[in-house]
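Notes to accompany the following structure.
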Amino acid sequence: MGADLVKNVKRTRYNPDKDSDLNTLGDITAGKWLLHPEFTLIWITPAQHKTNVTDFATSLNLRKSTGGGRAEITQKLNNLDDKMDEGISRIKNFLVYKYQKALAQSYFPQFGIVHKGKSYILPKDRDIRKDALPLIIEAIGVHGFTDAEYGLAFWQAANETYKTLLGQASNVDGTVSEKVSDKNVLRKSIVKTHNALINLLRANYPDTYKSVIREWGFQKEKY
């Protein structure tokens with residue numbers, strides 16, 4: 001009995017789950033409603049519904065285009081993390097060679113190196129790692145590794161690039177979050193409007209509402 005009830009509820013859902021499908025349906029309902037202004041709702045007009053659908057499509061496209069750039073930034077951060085991990089490994093070797101292993105570890109904190117499990121590494125958290133880079137730059141000079149393979153030039157460049165990439169990632173994340181919020185508000189309005197329109201069609205076409213609803217784009221088998 002309970003399972004049958006759930007199935008019935010799903011069967012009566014006229015609004016699709018996918019944003020792209022809802023956008024397609026919204027285009028149809030907006031067009032139909034503009035052709036039939038005799039159907040009225042006191043809280044929204046056909047023109048306002050059309051605007052919501054248009055803004056919803058714009059929000060979807062902006063979110064996709066903005067979010068698409070995040071993958072490139074993430075890959076660049078991953079690549080730089082790998083290079084810095086290799087660089088800090090070399091620095092640890094330099095310290096061991098210069099001071100011997102027992103003493104070398106006492107200098108690790110000067111380079112932002114932390115003890116994690118059985119290893120000494122740069123912090124994985126990118127915000128903490130970013131704060132460690134100025135420490136490395138200062139300690140490089142103090143311990144005489146300025147001209148080494150992973151010396152001052154490498155870490156200065158890494159520091160600037162890392163800050164830039166993290167800033168870009170933060171901006172993209174903020175923009176995407178804003179677009180998602182806008183999209184969700186518009187989605188709620190479109191779904192609410194669709195449900196109200198379905199009720200209007202049911203009331204005005206008591207005998208043929210099923211076919212009329214389909215004419216307005218509510219064809220559940222398509223989504």
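Naming scheme: A, B, ... for chains in displayed order of the structure tokens; residues 1 onward per chain; ligands 1 onward as shown.
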What lies within 9 Å of Thr175 of chain A using only C-alpha atoms, ignoring chain neighbours under 3 positions off, as a compact mmCIF listing (two decimals) with C-alpha atoms, in the first residue's frame?
```
# COMPACT_ATOMS: atom_id res chain seq x y z
CA ARG A 63 26.75 28.93 -14.12
CA THR A 66 31.74 30.17 -15.10
CA GLY A 67 32.05 26.78 -13.45
CA SER A 170 37.72 31.83 -4.71
CA ASN A 171 36.20 34.31 -7.17
CA VAL A 172 34.86 31.52 -9.39
CA GLU A 178 25.65 33.27 -6.48
CA LYS A 179 24.40 31.89 -9.79
CA VAL A 180 23.19 28.70 -8.13
```
Shell of 12 Å around Ala104 of chain A, only C-alpha atoms, local chain residues under 3 positions omitted, as a CSV table (one decimal) with C-alpha atoms, in the first residue's frame:
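What ended up in out_20.csv:
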```
chain,number,residue,atom,x,y,z
A,91,ILE,CA,64.9,21.1,0.8
A,92,LYS,CA,64.6,18.4,3.4
A,93,ASN,CA,67.5,16.6,1.7
A,94,PHE,CA,69.5,19.8,1.7
A,95,LEU,CA,68.9,20.2,5.4
A,96,VAL,CA,69.9,16.6,6.2
A,97,TYR,CA,73.0,16.9,4.1
A,98,LYS,CA,74.0,20.2,5.8
A,99,TYR,CA,73.0,19.5,9.4
A,100,GLN,CA,72.6,15.7,9.6
A,101,LYS,CA,69.2,14.1,10.1
A,107,TYR,CA,64.7,23.4,11.2
A,108,PHE,CA,61.7,22.0,9.4
A,109,PRO,CA,59.2,24.3,11.0
A,110,GLN,CA,61.1,27.3,9.7
A,111,PHE,CA,60.2,26.1,6.2
A,113,ILE,CA,57.0,21.8,7.1
A,120,TYR,CA,57.2,15.7,7.3
A,143,HIS,CA,70.1,28.5,5.5
```
Need to verify the contact set: segment 181-184 of chain A, 7 Å, only C-alpha atoms, exclusion of same-chain residues closer than 6 positions in sequence. Can you return it as a PyMOL selection string?
chain A and resi 56+59-60
For N, CA and C atoms, I'd like the residues from the last selection saved as a compact mmCIF listing (two decimals), in the first residue's frame.
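That gives us again.txt:
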```txt
# COMPACT_ATOMS: atom_id res chain seq x y z
N PHE A 56 16.08 32.27 -15.99
CA PHE A 56 16.49 30.94 -15.56
C PHE A 56 17.47 30.35 -16.57
N SER A 59 20.78 32.16 -16.26
CA SER A 59 21.48 31.73 -15.04
C SER A 59 22.14 30.37 -15.24
N LEU A 60 21.43 29.47 -15.91
CA LEU A 60 21.99 28.15 -16.19
C LEU A 60 23.24 28.24 -17.04
```
Env of segment 150-152 of chain A: 7 Å cut, atoms = only C-alpha atoms, seq-sep filter 5 positions within chain, self excluded. Answer as number ranges by chain.
A: 87, 137, 140, 145
Determine the nearest neighbour of Asp81 of chain A from the options A:Tyr162, A:Trp33, A:Phe154, A:Tyr223, counting only C-alpha atoms.
A:Tyr162
DSSP alpha helix (DSSP H) residues within segment 85-127 of chain A, as a VMD selection string:
chain A and resid 85 to 99 101 to 104 126 to 127
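Take atom CA of Lys163 of chain A and atom CA of Asn61 of chain A: the distance between them is 28.3 Å.
Taking only C-alpha atoms into account, Asn204 of chain A lies nearest to A:Glu38 out of the set A:Thr146, A:Ile128, A:Arg187, A:Glu38.
As for atom CA of Arg70 of chain A and atom CA of Asp21 of chain A, they are spaced 24.7 Å apart.
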Top pick for closest residue to Ile73 of chain A, considering A:Val185, A:Glu215, A:Gly167, A:Asp207 and counting only C-alpha atoms
A:Gly167
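Nearest-residue note for Asp27 of chain A: choosing from A:Lys210, A:His49, A:Arg13, A:Arg126, the minimum distance belongs to A:His49, counting only C-alpha atoms.
Remark: for Arg90 of chain A, the closest of the candidate residues A:Ser189, A:Leu62, A:Gly68, A:Glu149 is A:Glu149 (distances computed over only C-alpha atoms).
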Could you tell me how far atom CA of Lys76 of chain A sits from atom CA of Ala169 of chain A, in Å to one decimal place?
10.5 Å
